[in-house]
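Undergrad: Quick one: this structure, given as structure tokens, is what I'll be asking you about.
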Amino acid sequence: MTDPVLEARGITKRFGALVASDGVSLDLRPGEIHAVIGPNGAGKSTLIAQLCGGLRPDAGAVFLEGADVTALPVRARARKGLARTFQISALAMEDTVLQNAVLGALGASGRPWRFLRSALSDTELRDRAMAALTRVGLADFAAARTAEVSHGQRRQLEVAVALTLAPRAFVMDEPMAGLGAEGSAAMTDLLDGLRAEAPILLVEHDMDAVFRLADRVSVMVNGAVVATGSVAEIRADPAVRAAYLGDAA
Amino acid sequence: MSREGALNLVVLAGLVALPLWAHLAGETFTVTLATRAVILALAGVGLNLALGAGGLVSLGHAAFFGLGGYAMGILAFHAQSMTPLVDGLLPGTKSMPVIWLTTIAVSALAALVIGLLSLRTAGVYFIMVTLAFGQMFFYFAISWNAYGGEDGLSIWVRNGFPGLNTLVPIQFYGLCFAVLALVLLLSHLVRRSPFGLVLNAARQVPARLEAVGLDPTRVKLVAFVVSGAITGLAGALFADLNRFVSPAMFSWQLSGELMVLVILGGVGRLFGPVVGAVIFVALEHWLDGVSDYWHVYLGLLLLLIVLFARGGVIGLVAGRERAHD
């Protein structure tokens with residue numbers, strides 16, 4: 001078996017009496033999309049925060065390409081190649097689409113301490129940003145103000161900013177959130193192609209997308225992973241059906 | 001050219017033409033008023049970097065303004081009284097370039113310390129912490145009897161600048177205007193630079209900066225230090241204009257006035273503090289002649305601007321800011 005790119009080993013997080021993560025272990029292998037599903041309150045967001053560095057687990061560890069990153073803050077993990085997208089778009093709304101992508105490229109370059117040269121006339125940054133925008137289909141909207149593009153385009157921009165980091169792994173928090181049928185289909189196609197660049201840990205409520213995209217699915221209930229397997233295995237698992245999928249499956 | 005760019009040029013042209021006309025017409029007092037406006041504009045440009053670009057609502061920028069004033073005052077005091085600054089070692093100085101460099105170093109250092117401590121907080125706590133630092137300097141200056149205490153320090157003759165006679169009002173004005181123009185040019189470049197882009201994003205979405213591997217707090221700290229240094233430099237010029245420095249330069253009212261003139265002109269706009277300072281000084285002068293309670297009218301204007309023109313006067317004239325490209 002190939003070594004996982006991103007791995008959680010027995011991470012536990014308590015908020016008072018609530019156990020938000022209950023000994024969660026899961027991994028993300030090269031080339032795959034690993035979906036994490038579960039009802040609201042199952043602990044998916046807490047899991048993402050611990051994978052990305054926003055929260056420190058009470059117990060357990062997080063590994064990125066074999067290195068223990070449990071003690072590293074968000075920005076250090078980002079520099080090591082962990083790119084995340086946000087459930088609610090976290091973009092500079094006053095800036096243009098291109099400027100948001102350049103921000104990602106600047107983060108990747110690690111050289112924000114330049115004061116007098118124009119950021120957008122730096123061809124290295126600009127090319128990197130434009131390549132990411134082209135990849136997600138936003139090249140024509142590069143000059144638009146982010147506040148003025150559609151919700152769907154902002155979701156695409158989230159992915160583009162993550163792409164500028166040339167990441168080793170993606171962690172995506174509900175990239176389909178708020179998208180219509182058409183938008184979801186386009187996003188699904190985009191993510192389908194991205195797994196070749198870096199594996200994706202995908203937290204998503206859109207079951208059609210999950211079943212189309214996922215190589216593996218983990219189901220979380222009450223802070224614990226109750227099942228991990230292929231889409232077919234998860235669909236067939238009686239415990240999963242009872243806990244989460246209900247009649248929809 | 002954008003409407004805002006055109007407006008900026010008109011303002012700049014006015015700042016050249018009006019004082020020149022006043023000089024030729026013998027209206028020395030108008031030249032002095034213009035100098036006051038230009039210096040307050042410079043202080044505002046400093047504050048605007050923290051407030052507008054960085055979103056750091058500092059109610060303590062008088063600390064830097066006052067430090068600039070006292071750096072000038074103390075250096076010049078030792079020069080005019082022929083006493084050493086440090087026993088047997090450093091003399092005072094009447095040279096503006098030396099005073100300016102000292103001022104920039106002192107206020108940048110103060111901004112670093114104040115920034116390190118106050119950037120641990122945000123929102124209304126940040127306002128309170130910066131205010132507290134400003135007040136600390138204020139009370140320290142009042143009790144520092146070696147340098148005039150409550151009465152402040154008088155400097156007999158304005159400090160010198162190589163090649164200029166700074167005692168001639170129009171020459172001193174030209175010098176202050178040149179400093180302002182240079183700082184505006186640098187400010188314009190920084191806004192478009194990688195640092196400017198990152199600072200702008202740090203204000204809007206700090207979580208995004210972290211997610212791309214950057215440290216929003218460190219970026220804001222650097223902005224705060226540069227901001228403090230610029231406002232400090234303005235303080236040194238202000239003291240030289242009045243040939244007097246007193247604890248009033250450290251007062252929270254002064255911090256408030258700086259904030260008022262930035263908001264008046266347009267927060268985050270390159271020329272916001274310049275337009276704001278010109279309006280502020282004009283109102284201060286004309287309304288003071290009309291009524292002792294001119295602050296009422298200033299308050300009314302500020303209220304109207306805040307309620308109906310969020311981009312300040314510049315926003316009113318030039319519309320919403322375009323994204324830089």
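To be explicit about the labels: the chains of the structure tokens are called A, B, and onward in the order shown, and within each one the residues are counted from 1, while ligands get numbers from 1 in the order they are shown.
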Could you list the residues in chain B lying within 6 Å of chain A, using only C-alpha atoms, and format the result as a list in words?
TA: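 Contact residues on the first chain: Leu189, Val190, Arg192, Ser193, Pro194, Phe195, Ala201, Gln204, Arg208, Glu210, Ala211, Val212, Gly213, Leu214 and Ala323 of chain B.
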Undergrad: So which residues of range 27-261 of chain B fall under strand (DSSP E or B) by DSSP, listed as number ranges by chain?
TA: B: 95, 153-154, 160, 244-245
Undergrad: Given the choices B:Ala309, B:Leu283, B:Leu303, B:Ile263, which gets closest to Gly52 in chain B if the distance is worked out from only C-alpha atoms?
TA: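 Among the listed residues, the smallest separation from Gly52 in chain B belongs to B:Ile263.
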Undergrad: Choose the residue, out of B:Ala34, B:Ala63, B:Val245, B:Leu75, that has the smallest atom-to-atom separation from Gly148 in chain B; count only C-alpha atoms.
TA: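 Between B:Ala34, B:Ala63, B:Val245, B:Leu75, the residue approaching Gly148 in chain B most closely is B:Val245.
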Undergrad: Tell me, as number ranges by chain, which residues lie within 12 Å of Pro39 in chain A, counting only C-alpha atoms; anything in the same chain fewer than 3 positions away does not count.
TA: A: 36, 42-45, 203-207, 219-225, 240-246
Undergrad: Just the number, please: distance in Å from CA of Met1 in chain B to CA of Gly44 in chain B, one decimal.
TA: 24.8 Å
Undergrad: If we count only C-alpha atoms, what is near Gly10 in chain A at a cut-off of 6 Å, once residues fewer than 3 positions away on the same chain are taken out, given as number ranges by chain?
TA: A: 23-25, 60
Undergrad: If we count only C-alpha atoms and set the cut-off at 12 Å, which residues sit around Arg203 in chain B, ignoring sequence neighbours fewer than 2 positions away in its own chain? Please answer as a ChimeraX atom specification.
TA: /A:91-95 /B:49-57,122-123,196-201,205-209,215-217,219-220,223,268
Undergrad: Put those residues in a file: N, CA and C atoms, as a CSV table (one decimal), in the first residue's frame.
TA:
```csv
chain,number,residue,atom,x,y,z
A,91,LEU,N,-12.9,35.0,0.9
A,91,LEU,CA,-12.2,35.7,-0.2
A,91,LEU,C,-12.2,37.2,0.1
A,92,ALA,N,-11.2,37.9,-0.4
A,92,ALA,CA,-11.1,39.3,-0.3
A,92,ALA,C,-12.2,39.9,-1.3
A,93,MET,N,-13.3,40.2,-0.7
A,93,MET,CA,-14.5,40.6,-1.6
A,93,MET,C,-14.3,41.9,-2.4
A,94,GLU,N,-13.5,42.8,-1.8
A,94,GLU,CA,-13.3,44.1,-2.4
A,94,GLU,C,-12.3,44.0,-3.6
A,95,ASP,N,-11.5,42.9,-3.5
A,95,ASP,CA,-10.4,42.8,-4.5
A,95,ASP,C,-11.0,42.0,-5.8
B,49,LEU,N,-2.6,54.3,6.7
B,49,LEU,CA,-2.0,53.0,6.4
B,49,LEU,C,-2.5,52.0,7.4
B,50,ALA,N,-2.6,52.3,8.7
B,50,ALA,CA,-3.0,51.4,9.7
B,50,ALA,C,-4.6,51.3,9.6
B,51,LEU,N,-5.2,52.4,9.5
B,51,LEU,CA,-6.7,52.4,9.6
B,51,LEU,C,-7.4,51.9,8.4
B,52,GLY,N,-6.9,52.5,7.2
B,52,GLY,CA,-7.6,52.2,6.0
B,52,GLY,C,-7.2,50.9,5.4
B,53,ALA,N,-5.9,50.7,5.2
B,53,ALA,CA,-5.4,49.4,4.6
B,53,ALA,C,-5.5,48.3,5.5
B,54,GLY,N,-5.0,48.5,6.8
B,54,GLY,CA,-4.9,47.4,7.7
B,54,GLY,C,-6.2,47.2,8.6
B,55,GLY,N,-7.1,48.2,8.6
B,55,GLY,CA,-8.3,48.0,9.4
B,55,GLY,C,-8.0,48.2,10.9
B,56,LEU,N,-6.9,48.8,11.2
B,56,LEU,CA,-6.5,48.9,12.6
B,56,LEU,C,-6.9,50.3,13.2
B,57,VAL,N,-8.0,50.3,13.9
B,57,VAL,CA,-8.6,51.5,14.4
B,57,VAL,C,-7.7,52.0,15.6
B,122,ALA,N,-8.3,42.8,19.3
B,122,ALA,CA,-9.0,43.3,18.1
B,122,ALA,C,-10.2,44.2,18.5
B,123,GLY,N,-10.7,44.8,17.5
B,123,GLY,CA,-12.0,45.6,17.7
B,123,GLY,C,-11.9,46.7,18.7
B,196,GLY,N,1.1,45.4,-0.1
B,196,GLY,CA,-0.2,46.1,-0.1
B,196,GLY,C,-1.3,45.1,-0.3
B,197,LEU,N,-1.1,44.2,-1.2
B,197,LEU,CA,-2.2,43.2,-1.5
B,197,LEU,C,-2.4,42.3,-0.3
B,198,VAL,N,-1.4,41.9,0.3
B,198,VAL,CA,-1.5,41.0,1.5
B,198,VAL,C,-2.1,41.7,2.7
B,199,LEU,N,-1.7,43.0,2.9
B,199,LEU,CA,-2.3,43.8,4.0
B,199,LEU,C,-3.8,44.0,3.8
B,200,ASN,N,-4.1,44.3,2.6
B,200,ASN,CA,-5.5,44.5,2.2
B,200,ASN,C,-6.4,43.3,2.5
B,201,ALA,N,-5.8,42.1,2.2
B,201,ALA,CA,-6.5,40.9,2.4
B,201,ALA,C,-6.5,40.5,3.9
B,205,VAL,N,-10.0,39.2,5.1
B,205,VAL,CA,-10.1,37.8,5.5
B,205,VAL,C,-8.8,37.3,6.1
B,206,PRO,N,-8.6,37.5,7.4
B,206,PRO,CA,-7.3,37.0,8.0
B,206,PRO,C,-7.2,35.4,7.8
B,207,ALA,N,-8.4,34.7,7.9
B,207,ALA,CA,-8.3,33.3,7.8
B,207,ALA,C,-7.8,32.8,6.4
B,208,ARG,N,-8.0,33.6,5.4
B,208,ARG,CA,-7.5,33.3,4.1
B,208,ARG,C,-6.0,33.4,4.0
B,209,LEU,N,-5.4,34.4,4.7
B,209,LEU,CA,-4.0,34.6,4.7
B,209,LEU,C,-3.3,33.3,5.4
B,215,ASP,N,1.2,35.1,7.6
B,215,ASP,CA,0.8,35.5,9.0
B,215,ASP,C,0.2,36.9,9.0
B,216,PRO,N,-1.1,37.0,9.1
B,216,PRO,CA,-1.8,38.3,9.1
B,216,PRO,C,-1.4,39.2,10.2
B,217,THR,N,-1.1,38.7,11.4
B,217,THR,CA,-0.7,39.6,12.5
B,217,THR,C,0.7,40.3,12.2
B,219,VAL,N,1.9,40.9,9.2
B,219,VAL,CA,1.7,41.9,8.2
B,219,VAL,C,1.1,43.2,8.8
B,220,LYS,N,0.2,43.0,9.7
B,220,LYS,CA,-0.4,44.2,10.3
B,220,LYS,C,0.6,44.9,11.2
B,223,ALA,N,2.7,47.1,9.0
B,223,ALA,CA,2.0,48.3,8.6
B,223,ALA,C,1.9,49.3,9.7
B,268,GLY,N,-8.9,54.9,3.7
B,268,GLY,CA,-8.4,53.9,2.8
B,268,GLY,C,-8.1,54.5,1.4
```
Undergrad: Name all residues at most 9 Å from Leu55 in chain A (count only C-alpha atoms; drop same-chain ones fewer than 3 positions away) and give them as a list of chain:residue names.
TA: A:Lys13, A:Thr46, A:Leu47, A:Ile48, A:Ala49, A:Gln50, A:Leu51, A:Cys52, A:Pro73, A:Val74
Undergrad: Write the selection just made, keeping N, CA, C and O atoms, as a compact mmCIF listing (two decimals), in the first residue's frame?
TA:
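Writing done, so here's selection04.txt:
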```
# COMPACT_ATOMS: atom_id res chain seq x y z
N LYS A 13 -11.10 15.22 20.36
CA LYS A 13 -11.28 16.61 20.78
C LYS A 13 -12.57 16.72 21.57
O LYS A 13 -13.63 16.30 21.11
N THR A 46 -14.99 20.00 12.97
CA THR A 46 -13.94 19.88 13.98
C THR A 46 -12.79 19.06 13.44
O THR A 46 -11.61 19.37 13.67
N LEU A 47 -13.11 18.02 12.67
CA LEU A 47 -12.07 17.19 12.07
C LEU A 47 -11.22 18.02 11.11
O LEU A 47 -9.98 18.00 11.17
N ILE A 48 -11.88 18.79 10.26
CA ILE A 48 -11.16 19.64 9.30
C ILE A 48 -10.26 20.62 10.03
O ILE A 48 -9.09 20.80 9.67
N ALA A 49 -10.79 21.24 11.08
CA ALA A 49 -9.99 22.22 11.81
C ALA A 49 -8.74 21.58 12.39
O ALA A 49 -7.67 22.21 12.44
N GLN A 50 -8.84 20.34 12.81
CA GLN A 50 -7.66 19.67 13.38
C GLN A 50 -6.69 19.23 12.29
O GLN A 50 -5.48 19.25 12.48
N LEU A 51 -7.22 18.86 11.14
CA LEU A 51 -6.35 18.47 10.04
C LEU A 51 -5.57 19.69 9.54
O LEU A 51 -4.39 19.60 9.23
N CYS A 52 -6.25 20.84 9.49
CA CYS A 52 -5.63 22.03 8.91
C CYS A 52 -4.84 22.85 9.92
O CYS A 52 -4.06 23.71 9.53
N PRO A 73 0.90 25.42 13.28
CA PRO A 73 -0.28 26.24 13.02
C PRO A 73 -0.71 26.14 11.56
O PRO A 73 0.01 25.56 10.73
N VAL A 74 -1.86 26.71 11.28
CA VAL A 74 -2.45 26.64 9.93
C VAL A 74 -1.45 27.03 8.86
O VAL A 74 -1.26 26.32 7.86
```
Undergrad: Could you name the residues that touch range 169-173 of chain B at 8 Å or less, counting only C-alpha atoms, but leaving out those on the same chain fewer than 2 positions away, as a list in words?
TA: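 Here the qualifying residues turn out to be Pro19, Leu20, His23, Thr28, Val31, Thr32, Ala34, Thr35, Leu164, Asn165, Thr166, Leu167, Leu175, Cys176 and Phe177 of chain B.
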Undergrad: With all heavy atoms kept, could you save the residues just selected as a compact mmCIF listing (two decimals), in the first residue's frame?
TA:
```txt
# COMPACT_ATOMS: atom_id res chain seq x y z
N PRO B 19 -0.70 78.17 -2.02
CA PRO B 19 0.34 78.79 -1.17
C PRO B 19 1.26 79.72 -1.97
O PRO B 19 1.69 80.75 -1.44
CB PRO B 19 1.11 77.58 -0.63
CG PRO B 19 0.17 76.43 -0.76
CD PRO B 19 -0.63 76.71 -1.98
N LEU B 20 1.52 79.35 -3.23
CA LEU B 20 2.37 80.22 -4.06
C LEU B 20 1.71 81.57 -4.26
O LEU B 20 2.33 82.63 -4.11
CB LEU B 20 2.62 79.56 -5.43
CG LEU B 20 3.93 78.78 -5.57
CD1 LEU B 20 4.08 78.28 -6.99
CD2 LEU B 20 5.12 79.65 -5.16
N HIS B 23 1.81 83.51 -1.10
CA HIS B 23 3.16 84.03 -0.88
C HIS B 23 3.37 85.31 -1.68
O HIS B 23 3.84 86.32 -1.16
CB HIS B 23 4.19 82.98 -1.28
CG HIS B 23 5.59 83.50 -1.34
ND1 HIS B 23 6.28 83.90 -0.21
CD2 HIS B 23 6.43 83.71 -2.39
CE1 HIS B 23 7.48 84.32 -0.57
NE2 HIS B 23 7.60 84.23 -1.87
N THR B 28 1.00 85.83 4.32
CA THR B 28 1.86 84.87 5.01
C THR B 28 1.05 83.90 5.87
O THR B 28 1.37 82.71 5.96
CB THR B 28 2.88 85.60 5.90
OG1 THR B 28 3.46 86.63 5.11
CG2 THR B 28 3.96 84.66 6.38
N VAL B 31 -0.12 80.94 4.04
CA VAL B 31 0.96 79.97 3.81
C VAL B 31 1.13 79.10 5.07
O VAL B 31 1.29 77.88 4.98
CB VAL B 31 2.28 80.69 3.47
CG1 VAL B 31 3.41 79.66 3.32
CG2 VAL B 31 2.13 81.50 2.20
N THR B 32 1.06 79.73 6.22
CA THR B 32 1.19 78.98 7.48
C THR B 32 0.04 77.99 7.65
O THR B 32 0.25 76.84 8.06
CB THR B 32 1.23 79.96 8.67
OG1 THR B 32 2.33 80.85 8.46
CG2 THR B 32 1.42 79.22 9.98
N ALA B 34 -1.63 76.61 5.24
CA ALA B 34 -1.40 75.53 4.26
C ALA B 34 -0.35 74.56 4.79
O ALA B 34 -0.47 73.34 4.62
CB ALA B 34 -0.98 76.12 2.92
N THR B 35 0.67 75.11 5.44
CA THR B 35 1.72 74.25 6.01
C THR B 35 1.11 73.34 7.07
O THR B 35 1.39 72.14 7.11
CB THR B 35 2.84 75.11 6.64
OG1 THR B 35 3.20 76.14 5.73
CG2 THR B 35 4.05 74.26 6.94
N LEU B 164 18.22 75.50 2.25
CA LEU B 164 16.97 76.25 2.37
C LEU B 164 17.05 77.22 3.53
O LEU B 164 17.77 76.99 4.49
CB LEU B 164 15.79 75.30 2.61
CG LEU B 164 15.33 74.42 1.46
CD1 LEU B 164 14.19 73.53 1.93
CD2 LEU B 164 14.88 75.26 0.27
N ASN B 165 16.26 78.28 3.44
CA ASN B 165 16.06 79.14 4.59
C ASN B 165 14.67 78.84 5.14
O ASN B 165 13.67 79.35 4.65
CB ASN B 165 16.17 80.62 4.19
CG ASN B 165 15.97 81.52 5.40
OD1 ASN B 165 15.71 81.05 6.51
ND2 ASN B 165 16.10 82.83 5.19
N THR B 166 14.63 77.97 6.15
CA THR B 166 13.34 77.49 6.64
C THR B 166 12.57 78.57 7.39
O THR B 166 11.40 78.37 7.70
CB THR B 166 13.55 76.29 7.58
OG1 THR B 166 14.48 76.68 8.59
CG2 THR B 166 14.07 75.09 6.84
N LEU B 167 13.21 79.70 7.64
CA LEU B 167 12.50 80.78 8.33
C LEU B 167 11.52 81.48 7.39
O LEU B 167 10.57 82.12 7.83
CB LEU B 167 13.49 81.80 8.89
CG LEU B 167 14.52 81.23 9.86
CD1 LEU B 167 15.43 82.33 10.39
CD2 LEU B 167 13.81 80.53 11.01
N LEU B 175 9.16 72.55 1.65
CA LEU B 175 9.83 71.38 2.21
C LEU B 175 8.80 70.37 2.73
O LEU B 175 8.86 69.17 2.41
CB LEU B 175 10.75 71.85 3.35
CG LEU B 175 11.64 70.79 3.99
CD1 LEU B 175 12.61 70.25 2.95
CD2 LEU B 175 12.41 71.40 5.16
N CYS B 176 7.81 70.86 3.48
CA CYS B 176 6.77 69.97 4.02
C CYS B 176 5.98 69.34 2.89
O CYS B 176 5.64 68.15 2.93
CB CYS B 176 5.83 70.75 4.94
SG CYS B 176 6.64 71.34 6.43
N PHE B 177 5.67 70.14 1.87
CA PHE B 177 4.91 69.63 0.74
C PHE B 177 5.70 68.53 0.03
O PHE B 177 5.15 67.51 -0.36
CB PHE B 177 4.57 70.76 -0.23
CG PHE B 177 3.89 70.30 -1.48
CD1 PHE B 177 2.53 69.99 -1.47
CD2 PHE B 177 4.60 70.14 -2.66
CE1 PHE B 177 1.90 69.53 -2.61
CE2 PHE B 177 3.97 69.68 -3.81
CZ PHE B 177 2.62 69.37 -3.78
```
Undergrad: When you draw a straight line from CA of Leu6 in chain A to CA of Leu28 in chain A, how long is it in Å?
TA: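 We find that CA of Leu6 in chain A and CA of Leu28 in chain A lie 5.1 Å from each other.
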Undergrad: From a backbone DSSP assignment, name each residue in range 51-271 of chain B labelled alpha helix (DSSP H), as a ChimeraX atom specification.
TA: /B:62-80,96-118,123-143,169-192,194-204,206-211,216-242,252-265
Undergrad: For each of A:Ala101, A:Ile88, A:Ala147, A:Leu163, take the minimum atom-to-atom distance to Gly178 in chain A, counting only C-alpha atoms, then give the residue where this is smallest.
TA: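 The shortest atom-to-atom distance to Gly178 in chain A comes from A:Ile88.
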Undergrad: A:Pro175, A:Gly31, A:Gly180, A:Gly41: which is nearest Gly193 in chain A, counting only C-alpha atoms?
TA: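 Residue with the minimum atom-to-atom distance to Gly193 in chain A: A:Gly31.
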Undergrad: Can you measure CA of Trp21 in chain B to CA of Leu185 in chain B for me? One decimal in Å is fine.
TA: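 If I compute the distance from CA of Trp21 in chain B to CA of Leu185 in chain B, I get 24.8 Å.
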